[in-house]
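Here the structure is laid out as structure tokens; the discussion comes afterwards.
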Amino acid sequence: MTVLEQISNPYLASLSLGLLYGLTFCASACLPYIISYIAGIGAGFKKGIVVTSIYNSGRILAYAIIGTIVGLLSTVISEEVFGFYQQYSSIAFGAAIIVIGVTILVRKFGVGACKTKECHDLGVSKLTQRFDLRAFSMGFTRGLILCPPLIALLLYAVTFSPVNCTILAVLFGLGTALSPLLLLGGATGWLLNKAPLFRTWLSRIGGVALVVMGFSVLFNALSVII
Amino acid sequence: MLETIAEILLTTIAVGLVTAGILAILVWVRNLTRKLSALRLFIQIVAVAVIFLGLIIGPFGVAEWSYLGSAPKDIAIGKNIMGRPYPDGLSVPTFACYYASGRTSTCVVWQLQSYIFPYWETSSTYLTTGLERLGIAFGLLVVMSLIFGRFFCGWICPFGLYMDLLTRLRKTLKIRYWSLSEKANQALRQSRYLIIAAFLILSAILGMRAIAGVELIPEAELGRYLEMPFCQVCPAKPLFVLAEGALGYMNLDYALSKTIGDFALTGWYLTSINIIILGVVTVGSFKVRRLWCRICPLGGLIALFSRFGPFKKLSLIKLTKVEEKCTKCGICKRVCPPQVTEVYDKKGGDVTASDCILCFRCVEMCPYEDCLSVEVAGKKIYKSKNWLKEEEE
């Protein structure tokens, strides 16, 4: 926690920590999932960036919720509690990406699929088409899995009020969001779109990769619990 | 065993170069229609010499790496870029690995992969951080691509020369080439972008292998090799290593000692995969002209930047066509090594395509006066001639 120790302002320290890990570890940790998803839906440069941003917003919301809960339950928070919680959050993430992978493969339950007239009249179709719920839920469930720097931050933040704890967690999330992941997501989408002949196959590979990674996460988590 | 291979390779290269030189002179003198091809061959050979013998920038100057071999330029001229050591040489968009004697320029693909991790650090070799070096390499790649486009592929790239020499050998052996179907050709070209995307992602993931105490690849040596994922499969790498070894500029024992894993799967210089790919490309090139250039990710990168909408006009070299003079005879399509069809299909004006390696074979072989021409900075420097008439005379 050198960053936290070196910078006296906790907000700035939290943002810097997020930036530091966002530029390095977070990009490699999130990249396989987001890239598989981008390949799965056939997103281009712009959509690749939008999808990555939505994924990141899901993560930030998850951090905010965790920050609030940690702030509220500060008296019972410890590393053991985090360890116990991690197993279950991994199950949620694994299950989520399996479902997302399957939806890509079956191409049936695409988000934004608004069939009824009422649905259209309410503008739900437009909203869901613009806001990719699958990317959001992937980011949200990924954000529920606490990475080592976030655990360290949260253990440090328990000394603050619940509001401050939430702010610190959100600032950390914002820091990680400003990572090369955003650019890599867009660049990959752009490159994959340059190969339209392979689009169907890329979509299938993206979907299968998500399902495989989902099962891997799920089995790892279950093996620890059982 | 390796020394024997090296000896054979050395002899082959020497004989090949001498034969190419003689052929070039003969063609130059006897066949007026192929002047440009001869000139291109000559420039390609000179480029290889400059790139690998390193006559411009040097010295490599790192004492602890002297076991790699000695470079002529280490003895000859000793200058750094703007007074700062930049031991990898200029980033040039060609396949030219960075070996001991090859520091005039370096393959930009290697640089982009290598500098990513750890991008914040300097070292005894580099006084600049990885990020600064990435900036230089990427900046040079973009600028050169915008200005010269794939001219590098057709005129400078040493692996392109290797492809062309194989084509000449094929012609000598009277082996007929295959013309790929448009769809197959398109699939090959588009696969370049998938290769770039794959290695971009792999470089990012593998390059960050030991951040935050989490090691993705526990073995330090293996991890270091895998930081350059494309080099593990690049066919140019073993070709240049073996050639330099054969010429005595590279210590082959050292190169081999840097290969690890079952079936020599991973390595700094030679891996079983890159040698197999070199073999496949070599054999394939006897049937498909400029085979590697059709899937080359570096060519793909240059194409992406050079034909990128807003910057299209910056391109210095252009291929133009006068529609009224074209009879759609299809010669341009047939003689094109990477089977680019835009010159034939497009109506007129600027017909430069992103897949075109700017070898100007189409201009050289077009039998209609002024129909096709090469423009450099808006000025016509070369145009098609009625060579049928010249031959009759």
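Letters A, B, ... mark the chains of the structure tokens in the order given; residue numbers begin at 1 per chain; ligand numbers begin at 1, in order shown.
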For A:Asn164, please output as a VMD selection string all residues within 12 Å (counting only C-alpha atoms; exclusion window: fewer than 2 positions along the same chain).
chain A and resid 10 to 11 14 64 67 to 72 154 156 to 162 166 to 171
Which residues of chain B come within 6 Å of chain A, and for each one, what is the closest pair of atoms and their distance in Å to one decimal, counting only C-alpha atoms, sorted by chain and residue number, as CSV?
```
residue,atom,partner,partner_atom,distance
B:Gln190,CA,A:Ala195,CA,4.6
B:Tyr193,CA,A:Leu191,CA,5.4
B:Ala197,CA,A:Thr188,CA,5.6
B:Ile205,CA,A:Ser28,CA,4.6
B:Ile211,CA,A:Phe25,CA,5.7
```
Could you pull the residues within 10 Å of B:Val143, counting only C-alpha atoms, minus those fewer than 5 positions along the same chain, as a PyMOL selection string?
chain B and resi 138+148-149+302+305-306+314-315
Residue selection dump (C-alpha atoms) as a PDB file, in the first residue's frame:
```pdb
ATOM      1  CA  PHE B 138       4.791   3.626 -32.651  1.00  0.00           C
ATOM      2  CA  PHE B 148       5.381   5.823 -47.597  1.00  0.00           C
ATOM      3  CA  GLY B 149       2.583   3.304 -47.157  1.00  0.00           C
ATOM      4  CA  ILE B 302       0.940  -0.251 -42.351  1.00  0.00           C
ATOM      5  CA  PHE B 305      -2.484   3.583 -41.012  1.00  0.00           C
ATOM      6  CA  SER B 306      -1.649   4.447 -44.585  1.00  0.00           C
ATOM      7  CA  LEU B 314      -0.701  12.469 -46.664  1.00  0.00           C
ATOM      8  CA  SER B 315       0.538   9.494 -48.611  1.00  0.00           C
TER       9      SER B 315
END
```
Which neighbours of A:Phe219 fall inside 10 Å, counting only C-alpha atoms, when residues of the same chain fewer than 6 positions from it are skipped, and could you give them as a list in words?
Ser90, Ile91, Gly94, Met213 and Ile225 of chain A
Print the selection's residues with C-alpha atoms to a file, as a PDB file, in the first residue's frame.
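Generated output (out_27.pdb):
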```pdb
ATOM      1  CA  SER A  90     -16.786 -15.641  -7.930  1.00  0.00           C
ATOM      2  CA  ILE A  91     -19.766 -17.984  -8.323  1.00  0.00           C
ATOM      3  CA  GLY A  94     -18.873 -17.311 -13.285  1.00  0.00           C
ATOM      4  CA  MET A 213     -13.977 -19.015 -18.697  1.00  0.00           C
ATOM      5  CA  ILE A 225     -16.262 -24.119  -0.956  1.00  0.00           C
TER       6      ILE A 225
END
```
Can you tell me, as a ChimeraX atom specification, what residues are no more than 6 Å from A:Ala221 when counting only C-alpha atoms, ignoring any on the same chain fewer than 3 positions away?
/A:87,90,218,224
Please provide as a VMD selection string all residues within 9 Å of A:Phe82, with the sequence filter that same-chain residues fewer than 4 positions apart are discarded (counting only C-alpha atoms).
chain A and resid 77 to 78 86 to 87 146 151
Write a file of the selected residues as a JSON list (two decimals), in the first residue's frame, keeping N, CA and C atoms.
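In the end it all went to out.json:
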```
[["chain", "number", "residue", "atom", "x", "y", "z"],
["A", 77, "ILE", "N", -15.74, -6.21, 9.66],
["A", 77, "ILE", "CA", -14.92, -6.46, 8.46],
["A", 77, "ILE", "C", -13.50, -6.90, 8.82],
["A", 78, "SER", "N", -13.08, -7.97, 8.20],
["A", 78, "SER", "CA", -11.70, -8.45, 8.37],
["A", 78, "SER", "C", -11.29, -9.18, 7.09],
["A", 86, "GLN", "N", -15.44, -13.68, -1.07],
["A", 86, "GLN", "CA", -14.86, -13.85, -2.42],
["A", 86, "GLN", "C", -15.38, -15.10, -3.13],
["A", 87, "GLN", "N", -15.49, -16.21, -2.37],
["A", 87, "GLN", "CA", -15.90, -17.48, -2.98],
["A", 87, "GLN", "C", -17.27, -17.34, -3.65],
["A", 146, "LEU", "N", -13.34, -9.06, -5.27],
["A", 146, "LEU", "CA", -12.40, -8.05, -4.79],
["A", 146, "LEU", "C", -10.96, -8.41, -5.14],
["A", 151, "ILE", "N", -9.06, -4.84, -1.68],
["A", 151, "ILE", "CA", -9.19, -5.34, -0.30],
["A", 151, "ILE", "C", -8.36, -4.47, 0.65]]
```
Would you pick out the contacts of B:Ser373 at 9 Å or less, using only C-alpha atoms, so that residues sharing its chain but fewer than 3 positions from it are not included, and give the list as a PyMOL selection string?
chain B and resi 318-322+360+363+370+380-384
Mind dumping the selected residues with C-alpha atoms as a short mmCIF file (atom, residue, chain, number, x, y, z; two decimals), in the first residue's frame?
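Saved result, part.cif, follows:
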```cif
data_model
loop_
_atom_site.label_atom_id
_atom_site.label_comp_id
_atom_site.auth_asym_id
_atom_site.auth_seq_id
_atom_site.Cartn_x
_atom_site.Cartn_y
_atom_site.Cartn_z
CA LYS B 318 0.39 7.08 -55.26
CA LEU B 319 -0.60 4.84 -58.10
CA THR B 320 -2.86 6.56 -60.63
CA LYS B 321 -4.85 5.34 -63.58
CA VAL B 322 -6.29 7.07 -66.65
CA PHE B 360 4.72 -1.15 -59.49
CA VAL B 363 2.79 -0.09 -64.18
CA ASP B 370 0.42 6.60 -69.78
CA LYS B 380 4.78 11.61 -62.07
CA ILE B 381 8.04 9.70 -61.87
CA TYR B 382 7.19 6.55 -63.76
CA LYS B 383 4.46 5.59 -66.20
CA SER B 384 3.36 2.67 -68.30
#
```
Gap from atom CA of B:Lys328 to atom CA of B:Val340 - Å, one decimal:
14.7 Å
What is the distance, in Å and to one decimal place, between atom CA of B:Gln44 and atom CA of B:Tyr162?
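Spanning atom CA of B:Gln44 to atom CA of B:Tyr162 is a straight-line distance of 9.7 Å.
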